[in-house]
>>> print(open('structure-v6.pdb').read())   # PDB, C-alpha atoms, pLDDT in the B column
ATOM      1  CA  MET A   1       0.000   0.000   0.000  1.00 81.00           C
ATOM      2  CA  LEU A   2       1.260   3.469  -0.853  1.00 91.00           C
ATOM      3  CA  LYS A   3       2.176   5.868   1.904  1.00 95.00           C
ATOM      4  CA  ILE A   4       0.548   9.252   1.751  1.00 96.00           C
ATOM      5  CA  SER A   5       1.832  12.322   3.546  1.00 97.00           C
ATOM      6  CA  ILE A   6      -0.414  15.137   4.652  1.00 98.00           C
ATOM      7  CA  VAL A   7       0.928  18.361   6.127  1.00 96.00           C
ATOM      8  CA  THR A   8      -1.368  20.770   7.904  1.00 96.00           C
ATOM      9  CA  PRO A   9       0.117  24.250   8.290  1.00 94.00           C
ATOM     10  CA  SER A  10      -1.421  26.273  11.085  1.00 94.00           C
ATOM     11  CA  PHE A  11      -1.070  29.530  12.990  1.00 94.00           C
ATOM     12  CA  ASN A  12      -3.598  30.486  15.667  1.00 96.00           C
ATOM     13  CA  GLN A  13      -6.244  28.284  14.071  1.00 95.00           C
ATOM     14  CA  GLY A  14      -7.283  26.534  17.282  1.00 95.00           C
ATOM     15  CA  GLN A  15     -10.969  27.006  16.585  1.00 95.00           C
ATOM     16  CA  TYR A  16     -10.636  24.951  13.360  1.00 97.00           C
ATOM     17  CA  LEU A  17      -7.633  22.753  14.069  1.00 98.00           C
ATOM     18  CA  GLU A  18      -9.262  19.890  15.961  1.00 97.00           C
ATOM     19  CA  GLU A  19     -11.929  19.445  13.295  1.00 98.00           C
ATOM     20  CA  THR A  20      -9.195  19.402  10.645  1.00 98.00           C
ATOM     21  CA  ILE A  21      -7.137  16.792  12.507  1.00 98.00           C
ATOM     22  CA  GLN A  22     -10.172  14.604  13.100  1.00 98.00           C
ATOM     23  CA  SER A  23     -11.163  14.842   9.448  1.00 98.00           C
ATOM     24  CA  VAL A  24      -7.750  13.583   8.332  1.00 98.00           C
ATOM     25  CA  LEU A  25      -7.526  10.827  10.932  1.00 98.00           C
ATOM     26  CA  ASP A  26     -11.112   9.680  10.395  1.00 97.00           C
ATOM     27  CA  GLN A  27     -10.159   8.656   6.859  1.00 95.00           C
ATOM     28  CA  LYS A  28      -8.385   5.726   8.577  1.00 95.00           C
ATOM     29  CA  TYR A  29      -5.838   5.429   5.798  1.00 94.00           C
ATOM     30  CA  PRO A  30      -3.544   2.587   6.939  1.00 92.00           C
ATOM     31  CA  ASN A  31      -0.252   4.092   5.776  1.00 95.00           C
ATOM     32  CA  LEU A  32      -0.607   7.765   6.644  1.00 97.00           C
ATOM     33  CA  GLU A  33       2.213  10.127   7.510  1.00 98.00           C
ATOM     34  CA  TYR A  34       0.479  13.090   9.122  1.00 98.00           C
ATOM     35  CA  ILE A  35       2.519  16.178   9.984  1.00 98.00           C
ATOM     36  CA  ILE A  36       1.366  19.403  11.601  1.00 97.00           C
ATOM     37  CA  MET A  37       3.527  22.501  11.291  1.00 95.00           C
ATOM     38  CA  ASP A  38       2.440  25.296  13.579  1.00 95.00           C
ATOM     39  CA  GLY A  39       3.931  28.764  13.318  1.00 95.00           C
ATOM     40  CA  GLY A  40       4.204  29.362  17.063  1.00 96.00           C
ATOM     41  CA  SER A  41       0.536  29.830  17.874  1.00 96.00           C
ATOM     42  CA  THR A  42      -0.491  31.687  21.008  1.00 97.00           C
ATOM     43  CA  ASP A  43      -4.013  30.264  21.146  1.00 97.00           C
ATOM     44  CA  ASN A  44      -4.984  26.705  22.150  1.00 97.00           C
ATOM     45  CA  SER A  45      -3.490  25.074  19.035  1.00 97.00           C
ATOM     46  CA  VAL A  46      -0.589  23.349  20.788  1.00 97.00           C
ATOM     47  CA  GLU A  47      -2.885  21.804  23.404  1.00 98.00           C
ATOM     48  CA  ILE A  48      -5.100  20.454  20.635  1.00 98.00           C
ATOM     49  CA  VAL A  49      -2.178  18.984  18.705  1.00 98.00           C
ATOM     50  CA  LYS A  50      -0.841  17.308  21.843  1.00 98.00           C
ATOM     51  CA  LYS A  51      -4.138  15.408  22.179  1.00 98.00           C
ATOM     52  CA  TYR A  52      -3.371  13.687  18.861  1.00 98.00           C
ATOM     53  CA  GLU A  53       0.418  13.467  19.218  1.00 97.00           C
ATOM     54  CA  SER A  54       0.483   9.656  19.237  1.00 97.00           C
ATOM     55  CA  GLN A  55      -1.245   9.572  15.844  1.00 97.00           C
ATOM     56  CA  LEU A  56       1.103  12.049  14.162  1.00 98.00           C
ATOM     57  CA  ALA A  57       4.356  11.305  12.374  1.00 98.00           C
ATOM     58  CA  HIS A  58       5.698  14.703  13.428  1.00 98.00           C
ATOM     59  CA  TRP A  59       4.587  18.076  14.692  1.00 98.00           C
ATOM     60  CA  GLU A  60       6.273  21.231  15.795  1.00 97.00           C
ATOM     61  CA  SER A  61       5.334  24.695  16.912  1.00 97.00           C
ATOM     62  CA  LYS A  62       7.812  27.500  16.395  1.00 95.00           C
ATOM     63  CA  PRO A  63       7.836  30.910  14.772  1.00 93.00           C
ATOM     64  CA  ASP A  64       8.370  30.719  11.024  1.00 87.00           C
ATOM     65  CA  GLY A  65       8.216  32.874   7.928  1.00 84.00           C
ATOM     66  CA  GLY A  66       4.552  32.223   7.176  1.00 75.00           C
ATOM     67  CA  GLN A  67       2.528  29.471   5.529  1.00 70.00           C
ATOM     68  CA  SER A  68       4.864  28.982   2.576  1.00 75.00           C
ATOM     69  CA  ASP A  69       7.938  28.670   4.819  1.00 69.00           C
TER      70      ASP A  69
END
>>> encode(input="structure-v6.pdb", output="structure tokens")
Amino acid sequence: MLKISIVTPSFNQGQYLEETIQSVLDQKYPNLEYIIMDGGSTDNSVEIVKKYESQLAHWESKPDGGQSD
């Protein structure tokens, strides 16, 4: 089975982030590499991501140069 990689970029999107994560994970794709790149959010984004940490290939939260960085 092919591996697919999905990257969700986020910055202070806590109000939408959990729904986004659930939508990706609910697809139940067996060979998913799911990565969340957060630009150093100051809302509740990090707390939300931590709830799903065990289901993610990688995540980080640090200031960056914007969505395309």
>>> residues_around(input="structure-v6.pdb", residues="His58 in chain A", least_positions_apart="2", cutoff="12 Å", atoms="all atoms listed in the file", output="list in words")
Ser5, Ile6, Val7, Thr8, Leu32, Glu33, Tyr34, Ile35, Ile36, Met37, Asp38, Val49, Lys50, Tyr52, Glu53, Ser54, Gln55, Leu56, Glu60 and Ser61 of chain A
>>> write_last_selection(input="structure-v6.pdb", atoms="C-alpha atoms", output="PDB file, in the coordinates of the input")
ATOM      1  CA  SER A   5       1.832  12.322   3.546  1.00 97.00           C
ATOM      2  CA  ILE A   6      -0.414  15.137   4.652  1.00 98.00           C
ATOM      3  CA  VAL A   7       0.928  18.361   6.127  1.00 96.00           C
ATOM      4  CA  THR A   8      -1.368  20.770   7.904  1.00 96.00           C
ATOM      5  CA  LEU A  32      -0.607   7.765   6.644  1.00 97.00           C
ATOM      6  CA  GLU A  33       2.213  10.127   7.510  1.00 98.00           C
ATOM      7  CA  TYR A  34       0.479  13.090   9.122  1.00 98.00           C
ATOM      8  CA  ILE A  35       2.519  16.178   9.984  1.00 98.00           C
ATOM      9  CA  ILE A  36       1.366  19.403  11.601  1.00 97.00           C
ATOM     10  CA  MET A  37       3.527  22.501  11.291  1.00 95.00           C
ATOM     11  CA  ASP A  38       2.440  25.296  13.579  1.00 95.00           C
ATOM     12  CA  VAL A  49      -2.178  18.984  18.705  1.00 98.00           C
ATOM     13  CA  LYS A  50      -0.841  17.308  21.843  1.00 98.00           C
ATOM     14  CA  TYR A  52      -3.371  13.687  18.861  1.00 98.00           C
ATOM     15  CA  GLU A  53       0.418  13.467  19.218  1.00 97.00           C
ATOM     16  CA  SER A  54       0.483   9.656  19.237  1.00 97.00           C
ATOM     17  CA  GLN A  55      -1.245   9.572  15.844  1.00 97.00           C
ATOM     18  CA  LEU A  56       1.103  12.049  14.162  1.00 98.00           C
ATOM     19  CA  GLU A  60       6.273  21.231  15.795  1.00 97.00           C
ATOM     20  CA  SER A  61       5.334  24.695  16.912  1.00 97.00           C
TER      21      SER A  61
END
>>> axis_aligned_box(input="structure-v6.pdb", around="range 1-18 of chain A", padding_each_side="3 Å", output="JSON")
{"center_x": -4.4, "center_y": 15.2, "center_z": 8.2, "size_x": 19.1, "size_y": 36.5, "size_z": 24.1}
>>> resolve_selection(input="structure-v6.pdb", expression="the PyMOL selection byres ((chain A and resi 62) around 6)", output="list in words")
Gly39, Gly40, Ser61 and Pro63 of chain A
>>> atom_distance(input="structure-v6.pdb", atom1="CA of Gln67 in chain A", atom2="CA of Asn12 in chain A")
11.9 Å
>>> residues_around(input="structure-v6.pdb", residues="Met1 in chain A", least_positions_apart="5", cutoff="10 Å", atoms="all atoms listed in the file", output="list in words")
Tyr29, Pro30 and Asn31 of chain A
>>> closest_residue(input="structure-v6.pdb", among="A:Leu2, A:Val46, A:Glu18, A:Asp26", to="Trp59 in chain A", atoms="only C-alpha atoms")
A:Val46
>>> atom_distance(input="structure-v6.pdb", atom1="CA of Ser45 in chain A", atom2="CA of Leu17 in chain A")
6.9 Å
>>> atom_distance(input="structure-v6.pdb", atom1="CA of Asp64 in chain A", atom2="CA of Gln27 in chain A")
29.1 Å
>>> resolve_selection(input="structure-v6.pdb", expression="the PyMOL selection byres ((chain A and resi 43) around 9)", output="list in words")
Phe11, Asn12, Gln13, Gly14, Gln15, Ser41, Thr42, Asn44, Ser45, Val46 and Glu47 of chain A
